[in-house]
>>> print(open('work_8.tsv').read())   # TSV, C-alpha atoms
chain	number	residue	atom	x	y	z
G	15	MET	CA	113.96	128.91	82.36
G	16	THR	CA	113.97	128.05	86.08
G	17	LYS	CA	115.38	124.90	87.61
G	18	SER	CA	111.96	123.72	88.88
G	19	PHE	CA	110.46	124.20	85.41
G	20	ILE	CA	113.21	122.05	83.89
G	21	SER	CA	112.60	119.36	86.53
G	22	ASN	CA	108.91	119.24	85.63
G	23	TRP	CA	109.82	118.78	81.97
G	24	CYS	CA	112.20	116.02	83.01
G	25	LEU	CA	109.43	114.23	84.89
G	26	THR	CA	107.15	114.44	81.86
G	27	PHE	CA	109.68	113.45	79.20
G	28	ASN	CA	111.84	110.93	81.07
G	29	HIS	CA	110.72	108.12	78.77
G	30	PHE	CA	111.31	110.15	75.57
G	31	HIS	CA	115.06	109.66	75.30
G	32	PHE	CA	115.70	112.33	72.65
G	33	LEU	CA	113.84	115.04	74.59
G	34	SER	CA	115.45	113.90	77.83
G	35	ALA	CA	118.89	114.22	76.34
G	36	VAL	CA	118.13	117.79	75.21
G	37	LEU	CA	116.13	119.12	78.16
G	38	CYS	CA	117.29	117.11	81.18
G	39	TRP	CA	120.71	116.33	82.57
G	40	VAL	CA	119.37	113.63	84.92
G	41	THR	CA	116.88	111.07	83.59
G	42	THR	CA	115.25	107.78	84.56
G	43	GLN	CA	112.14	105.74	83.78
G	44	LYS	CA	108.78	107.12	84.86
G	45	GLU	CA	108.07	104.07	87.08
G	46	PHE	CA	109.57	100.87	88.47
G	47	ILE	CA	107.61	97.84	89.68
G	48	GLY	CA	108.83	95.27	92.22
G	49	PRO	CA	107.33	92.39	94.21
G	50	GLU	CA	106.77	92.54	97.96
G	51	GLY	CA	109.67	90.78	99.66
G	52	GLY	CA	111.81	91.03	96.53
G	53	SER	CA	114.05	93.73	95.08
G	54	LEU	CA	114.16	96.21	92.23
G	55	THR	CA	116.93	98.12	90.48
G	56	VAL	CA	116.69	101.70	89.26
G	57	GLN	CA	119.05	103.15	86.64
G	58	CYS	CA	119.62	106.91	86.70
G	59	ARG	CA	121.49	108.56	83.81
G	60	TYR	CA	123.23	111.93	83.84
G	61	GLY	CA	125.24	114.32	81.68
G	62	SER	CA	129.02	113.96	81.34
G	63	HIS	CA	129.63	117.19	83.30
G	64	TYR	CA	128.14	115.45	86.38
G	65	ALA	CA	130.62	112.57	86.33
G	66	ASN	CA	132.47	113.73	89.46
G	67	HIS	CA	129.45	114.94	91.41
G	68	VAL	CA	127.82	113.20	94.38
G	69	LYS	CA	124.70	111.21	93.45
G	70	TYR	CA	121.87	110.21	95.79
G	71	TRP	CA	118.53	108.42	96.02
G	72	CYS	CA	115.72	110.27	97.76
G	73	HIS	CA	112.24	109.26	98.95
G	74	GLY	CA	109.66	111.99	98.40
G	75	GLY	CA	107.71	113.78	95.70
G	76	THR	CA	109.24	117.22	96.35
G	77	ARG	CA	112.68	118.53	97.22
G	78	ILE	CA	111.49	119.99	100.51
G	79	PHE	CA	109.95	116.74	101.80
G	80	CYS	CA	112.61	114.34	100.61
G	81	GLU	CA	114.47	111.76	102.69
G	82	ILE	CA	117.88	110.79	101.30
G	83	LEU	CA	118.24	107.00	101.59
G	84	ALA	CA	121.65	106.52	99.94
G	85	ARG	CA	124.56	108.67	98.71
G	86	THR	CA	127.59	107.80	96.62
G	87	ASP	CA	129.95	109.62	99.03
G	88	GLU	CA	128.95	107.37	101.93
G	89	THR	CA	130.75	104.11	102.67
G	90	SER	CA	128.72	101.11	101.55
G	91	SER	CA	128.70	97.73	103.27
G	92	ALA	CA	130.77	94.79	102.10
G	93	ASN	CA	127.61	93.04	100.93
G	94	PRO	CA	125.21	95.54	99.27
G	95	SER	CA	122.60	92.82	98.74
G	96	GLU	CA	121.98	92.83	102.50
G	97	ASP	CA	121.34	96.58	102.62
G	98	LYS	CA	117.82	97.95	102.37
G	99	VAL	CA	119.06	100.48	99.80
G	100	SER	CA	122.41	100.56	97.99
G	101	ILE	CA	123.80	102.91	95.35
G	102	PHE	CA	126.60	102.48	92.81
G	103	ASP	CA	127.96	105.12	90.44
G	104	ASP	CA	129.49	104.20	87.08
G	105	PRO	CA	130.97	107.42	85.60
G	106	ALA	CA	132.25	105.55	82.55
G	107	ARG	CA	128.65	104.80	81.56
G	108	LEU	CA	127.29	108.09	82.96
G	109	MET	CA	124.84	106.15	85.10
G	110	PHE	CA	124.28	105.34	88.75
G	111	THR	CA	122.27	102.37	89.95
G	112	VAL	CA	120.05	102.10	93.01
G	113	THR	CA	118.94	98.74	94.42
G	114	MET	CA	116.09	98.41	96.92
G	115	ASN	CA	115.85	95.09	98.78
G	116	ASP	CA	113.21	93.40	100.96
G	117	LEU	CA	110.47	95.52	99.40
G	118	LYS	CA	107.33	96.31	101.36
G	119	GLU	CA	104.08	97.83	100.14
G	120	THR	CA	104.89	100.89	102.26
G	121	ASP	CA	107.94	101.46	100.03
G	122	SER	CA	105.59	102.45	97.20
G	123	GLY	CA	105.71	106.13	96.33
G	124	TRP	CA	107.67	108.86	94.59
G	125	TYR	CA	111.46	108.91	94.58
G	126	SER	CA	114.14	110.95	92.87
G	127	CYS	CA	117.55	110.37	91.35
G	128	GLY	CA	119.62	113.36	92.43
G	129	VAL	CA	122.93	114.95	91.54
G	130	GLU	CA	124.33	117.28	94.20
G	131	LEU	CA	125.32	120.76	93.00
G	132	ALA	CA	127.35	123.40	94.83
G	133	SER	CA	124.58	125.95	94.27
G	134	GLY	CA	122.17	123.85	96.34
G	135	ALA	CA	119.68	123.62	93.46
G	136	ASP	CA	120.36	119.93	92.82
G	137	ASP	CA	119.46	118.35	89.49
G	138	VAL	CA	116.87	115.59	89.98
G	139	ALA	CA	114.62	113.22	88.03
G	140	TYR	CA	111.48	111.81	89.63
G	141	THR	CA	110.14	108.28	89.33
G	142	GLU	CA	107.37	106.27	90.94
G	143	VAL	CA	108.08	102.96	92.70
G	144	LYS	CA	105.20	100.50	92.88
G	145	VAL	CA	105.43	97.48	95.17
G	146	PHE	CA	102.78	94.88	94.49
G	147	HIS	CA	101.43	92.03	96.61
G	148	GLY	CA	100.47	88.87	94.76
G	149	VAL	CA	100.81	88.88	90.97
G	150	SER	CA	101.57	91.63	88.46
G	151	VAL	CA	102.80	92.02	84.89
G	152	VAL	CA	105.52	94.17	83.39
G	153	ASN	CA	103.15	95.32	80.61
G	154	SER	CA	99.37	94.95	80.81
G	155	MET	CA	99.11	95.07	77.00
G	156	VAL	CA	101.49	93.43	74.54
G	157	SER	CA	101.37	93.06	70.77
G	158	GLY	CA	103.15	91.07	68.11
G	159	GLU	CA	103.01	90.35	64.39
G	160	GLU	CA	101.22	87.34	62.97
G	161	GLY	CA	103.64	84.43	62.61
G	162	SER	CA	106.17	85.84	65.12
G	163	SER	CA	106.74	85.09	68.82
G	164	LEU	CA	105.56	87.18	71.76
G	165	THR	CA	106.85	87.11	75.33
G	166	VAL	CA	104.92	88.07	78.47
G	167	GLN	CA	106.62	88.43	81.85
G	168	CYS	CA	104.46	87.75	84.91
G	169	LEU	CA	105.77	88.77	88.33
G	170	TYR	CA	104.88	87.34	91.74
G	171	THR	CA	105.84	87.83	95.38
G	172	GLN	CA	108.02	85.41	97.33
G	173	ARG	CA	105.09	83.74	99.08
G	174	PHE	CA	104.08	82.31	95.67
G	175	ARG	CA	107.56	81.10	94.76
G	176	LEU	CA	106.60	77.43	94.97
G	177	SER	CA	102.98	77.85	93.88
G	178	GLU	CA	101.67	76.53	90.58
G	179	LYS	CA	101.73	79.09	87.79
G	180	LYS	CA	99.08	79.23	85.08
G	181	TRP	CA	98.40	80.96	81.79
G	182	CYS	CA	94.69	81.06	80.90
G	183	ARG	CA	92.48	82.62	78.28
G	184	SER	CA	90.12	84.90	80.22
G	185	GLY	CA	86.68	83.37	80.78
G	186	ASP	CA	87.78	79.87	79.73
G	187	PRO	CA	89.13	77.80	82.66
G	188	SER	CA	89.57	74.79	80.38
G	189	SER	CA	92.25	76.68	78.43
G	190	CYS	CA	94.62	76.99	81.42
G	191	LEU	CA	98.19	75.78	80.93
G	192	SER	CA	100.09	74.96	84.12
G	193	THR	CA	103.77	74.73	85.04
G	194	GLY	CA	103.11	71.85	87.44
G	195	SER	CA	105.85	70.64	89.78
G	196	GLU	CA	108.46	71.01	87.03
G	197	GLY	CA	108.13	74.77	86.96
G	198	SER	CA	107.74	74.75	83.19
G	199	TYR	CA	105.40	73.88	80.34
G	200	GLU	CA	105.85	73.61	76.59
G	201	ASP	CA	103.84	72.67	73.54
G	202	THR	CA	103.88	73.72	69.88
G	203	SER	CA	102.31	77.13	70.56
G	204	VAL	CA	103.18	78.10	74.16
G	205	THR	CA	106.19	77.89	76.47
G	206	ILE	CA	106.01	78.74	80.19
G	207	SER	CA	109.16	79.00	82.29
G	208	ASP	CA	109.25	79.82	86.02
G	209	ASP	CA	112.57	81.00	87.46
G	210	ARG	CA	111.25	80.40	91.02
G	211	THR	CA	112.68	83.76	92.10
G	212	GLY	CA	109.81	86.14	91.34
G	213	ALA	CA	108.88	85.87	87.66
G	214	PHE	CA	107.58	83.40	85.10
G	215	THR	CA	107.75	83.98	81.36
G	216	VAL	CA	105.11	83.02	78.82
G	217	THR	CA	106.15	82.82	75.16
G	218	LEU	CA	103.46	82.60	72.49
G	219	LYS	CA	104.99	80.99	69.40
G	220	LYS	CA	103.87	81.47	65.81
G	221	LEU	CA	101.15	84.00	66.64
G	222	GLN	CA	97.83	83.62	64.89
G	223	MET	CA	95.05	86.17	64.59
G	224	ARG	CA	92.82	84.12	66.87
G	225	ASP	CA	95.38	84.53	69.67
G	226	ALA	CA	94.25	88.14	70.14
G	227	ASP	CA	92.38	88.08	73.45
G	228	TRP	CA	92.54	88.74	77.17
G	229	TYR	CA	94.58	86.31	79.26
G	230	LEU	CA	95.33	85.71	82.93
G	231	CYS	CA	98.69	85.22	84.65
G	232	SER	CA	98.05	83.20	87.81
G	233	ALA	CA	100.11	82.18	90.83
G	234	GLY	CA	98.28	80.27	93.53
G	235	GLN	CA	94.90	82.00	93.91
G	236	GLN	CA	96.19	85.36	92.65
G	237	GLN	CA	95.81	86.47	89.03
G	238	VAL	CA	96.17	89.52	86.80
G	239	ALA	CA	94.76	90.26	83.34
G	240	ILE	CA	96.84	91.06	80.27
G	241	GLN	CA	95.73	91.93	76.74
G	242	VAL	CA	97.39	90.32	73.74
G	243	GLN	CA	97.09	92.11	70.39
G	244	VAL	CA	98.11	90.58	67.05
G	245	ARG	CA	99.01	92.56	63.93
G	246	PRO	CA	98.34	91.00	60.53
G	247	HIS	CA	101.56	90.21	58.71
G	248	GLY	CA	102.90	93.40	57.14
G	249	SER	CA	100.42	95.63	58.96
G	250	THR	CA	101.05	98.20	61.68
G	251	LYS	CA	97.51	98.12	63.09
G	252	PRO	CA	96.87	95.36	65.66
G	253	VAL	CA	93.67	93.37	66.02
G	254	THR	CA	92.31	94.02	69.50
G	255	SER	CA	90.23	91.75	71.68
G	256	PRO	CA	86.84	92.72	73.12
G	257	PRO	CA	86.91	94.46	76.50
G	258	THR	CA	86.99	92.33	79.61
G	259	PRO	CA	84.03	92.49	82.04
G	260	SER	CA	86.17	94.53	84.42
G	261	GLN	CA	86.90	97.29	81.90
G	262	PRO	CA	83.49	99.05	82.06
G	263	TRP	CA	83.89	99.31	85.83
G	264	ASN	CA	87.36	100.79	85.44
G	265	ARG	CA	86.10	103.22	82.81
G	266	TYR	CA	83.20	104.51	84.93
G	267	ARG	CA	84.73	103.95	88.36
G	268	TYR	CA	85.39	107.62	89.05
G	269	MET	CA	81.93	108.62	87.85
G	270	LEU	CA	80.34	106.04	90.14
G	271	GLU	CA	82.52	107.15	93.04
G	272	SER	CA	81.40	110.76	92.48
G	273	ILE	CA	77.74	109.74	92.36
G	274	VAL	CA	78.07	107.72	95.57
G	275	GLY	CA	79.91	110.60	97.25
G	276	CYS	CA	77.26	113.18	96.25
G	277	SER	CA	74.43	110.84	97.28
G	278	SER	CA	76.03	110.33	100.69
G	279	LEU	CA	76.40	114.09	101.15
G	280	LEU	CA	72.76	114.70	100.19
G	281	LEU	CA	71.67	111.96	102.61
G	282	LEU	CA	73.61	113.59	105.45
G	283	VAL	CA	72.10	117.01	104.67
G	284	GLY	CA	68.64	115.47	104.55
G	285	LEU	CA	69.15	113.78	107.92
G	286	ALA	CA	70.39	117.05	109.42
G	287	VAL	CA	67.31	118.92	108.15
G	288	LEU	CA	65.01	116.16	109.45
G	289	ALA	CA	66.69	116.20	112.87
G	290	ARG	CA	66.28	119.98	113.05
G	291	LYS	CA	62.57	119.72	112.23
G	292	ILE	CA	62.08	117.06	114.92
G	293	LEU	CA	63.83	119.23	117.51
G	294	ARG	CA	61.70	122.23	116.55
G	295	LYS	CA	58.56	120.13	116.81
G	296	LYS	CA	59.52	118.91	120.27
G	297	ALA	CA	60.27	122.48	121.38
G	298	SER	CA	56.91	123.63	120.05
G	299	SER	CA	55.18	120.78	121.88
G	300	ARG	CA	56.83	121.75	125.16
G	301	PHE	CA	55.80	125.37	124.64
G	302	LYS	CA	52.14	124.36	124.17
G	303	GLN	CA	52.26	122.20	127.31
G	304	THR	CA	53.63	125.17	129.25
G	305	GLU	CA	50.81	127.39	127.97
G	306	GLU	CA	48.28	124.85	129.24
G	307	ILE	CA	49.91	124.85	132.70
G	308	PHE	CA	50.12	128.65	132.93
G	309	PRO	CA	47.26	129.94	130.79
G	310	ASP	CA	46.93	133.20	132.77
G	311	ASN	CA	50.50	133.54	134.03
G	312	PRO	CA	52.96	134.37	131.23
G	313	LYS	CA	55.66	135.21	133.80
G	314	GLY	CA	55.43	131.75	135.35
G	315	MET	CA	55.62	130.23	131.90
G	316	ARG	CA	58.81	132.18	131.12
G	317	ASP	CA	60.33	131.20	134.48
G	318	LEU	CA	59.61	127.54	133.77
G	319	GLN	CA	61.23	127.82	130.34
G	320	ARG	CA	64.34	129.39	131.85
G	321	SER	CA	64.57	126.62	134.48
G	322	LYS	CA	64.57	124.07	131.66
>>> encode(input="work_8.tsv", output="structure tokens")
Amino acid sequence: MTKSFISNWCLTFNHFHFLSAVLCWVTTQKEFIGPEGGSLTVQCRYGSHYANHVKYWCHGGTRIFCEILARTDETSSANPSEDKVSIFDDPARLMFTVTMNDLKETDSGWYSCGVELASGADDVAYTEVKVFHGVSVVNSMVSGEEGSSLTVQCLYTQRFRLSEKKWCRSGDPSSCLSTGSEGSYEDTSVTISDDRTGAFTVTLKKLQMRDADWYLCSAGQQQVAIQVQVRPHGSTKPVTSPPTPSQPWNRYRYMLESIVGCSSLLLLVGLAVLARKILRKKASSRFKQTEEIFPDNPKGMRDLQRSK
């Protein structure tokens, strides 16, 4: 089994811990999400035989086109929180940690946790970093059992740090619960807490079956949808809410894009054919005019055509 084949398996099974432990010596989550202007931390795990090896963090989806941003054998600054990227290895826990600060949307993309090997065929695990602008959620679908509590974490960028945060049932503005100037809200069924650093947490208490629905996390004028599912007590099958109006568009988006693309191509071909016909018609018209000028002098007609 080749090294590249193993790496592909690692990318596929990173989030299946048992398979990762068997097939891959370096593992991490399949994706990490962070807010623009904020920071995110990536944990990379490795096998015990890599404890004394150099670790690194690389930007790029392939080994050939990969820019190393941080290495454990390079001297770090006295204050890692001020660095754009910092890396820390903890051999006792068989894990190294990468922190990316002052995130920008251009930082989104594929990265890899790497362990340097003497052979040159380094062991790596790929992950995708997503930097969002506005509001996002850790999980777009959450579920809980009837009678229990359920927590939703809503993320936002620094520009919305002091903005009002809301939790609303989708399609029902009157249901919105707001943190107000206090940065928090609480009643018998819902608690909202804003840490003012990039996330606010919504806790649904004593879940009821009617709580299954689509909701909106809002910060300022930005919002993101999240689906809440509720399982009947003692059941493993959740009750789902009806699809949101945006779901049909998402489902058929690629089909619509293909139709639009094909229609545009056909339109361009049609215009090209029409233009060619018009040019031929004009050329034919000129030829007839020339025949009228030189009805008995074909040579003069040809000379005039050449001069044109």
>>> closest_residue(input="work_8.tsv", among="G:Leu176, G:Ala135, G:Ile292, G:Leu282", to="G:Asp209", atoms="all atoms listed in the file")
G:Leu176
>>> closest_residue(input="work_8.tsv", among="G:Ser203, G:Thr86, G:Thr141, G:Gly74", to="G:Gln57", atoms="only C-alpha atoms")
G:Thr141
>>> atom_distance(input="work_8.tsv", atom1="atom CA of G:Gly61", atom2="atom CA of G:Cys80")
22.8 Å
>>> residues_around(input="work_8.tsv", residues="stretch 112-128 of chain G", least_positions_apart="5", cutoff="7 Å", atoms="only C-alpha atoms", output="count of residues only")
34
>>> residues_around(input="work_8.tsv", residues="G:Ser62", least_positions_apart="2", cutoff="9 Å", atoms="only C-alpha atoms", output="number ranges by chain")
G: 39, 60, 64-66, 105, 108
>>> residues_around(input="work_8.tsv", residues="G:Lys220", least_positions_apart="2", cutoff="12 Å", atoms="all atoms listed in the file", output="ChimeraX atom specification")
/G:158-165,201-205,217-218,222-225,244,247
>>> closest_residue(input="work_8.tsv", among="G:His67, G:Lys44, G:Arg290, G:Lys296", to="G:Glu130", atoms="all atoms listed in the file")
G:His67
>>> atom_distance(input="work_8.tsv", atom1="atom CA of G:Asp227", atom2="atom CA of G:Ser184")
7.8 Å
>>> atom_distance(input="work_8.tsv", atom1="atom CA of G:Asp186", atom2="atom CA of G:Ser249")
29.0 Å
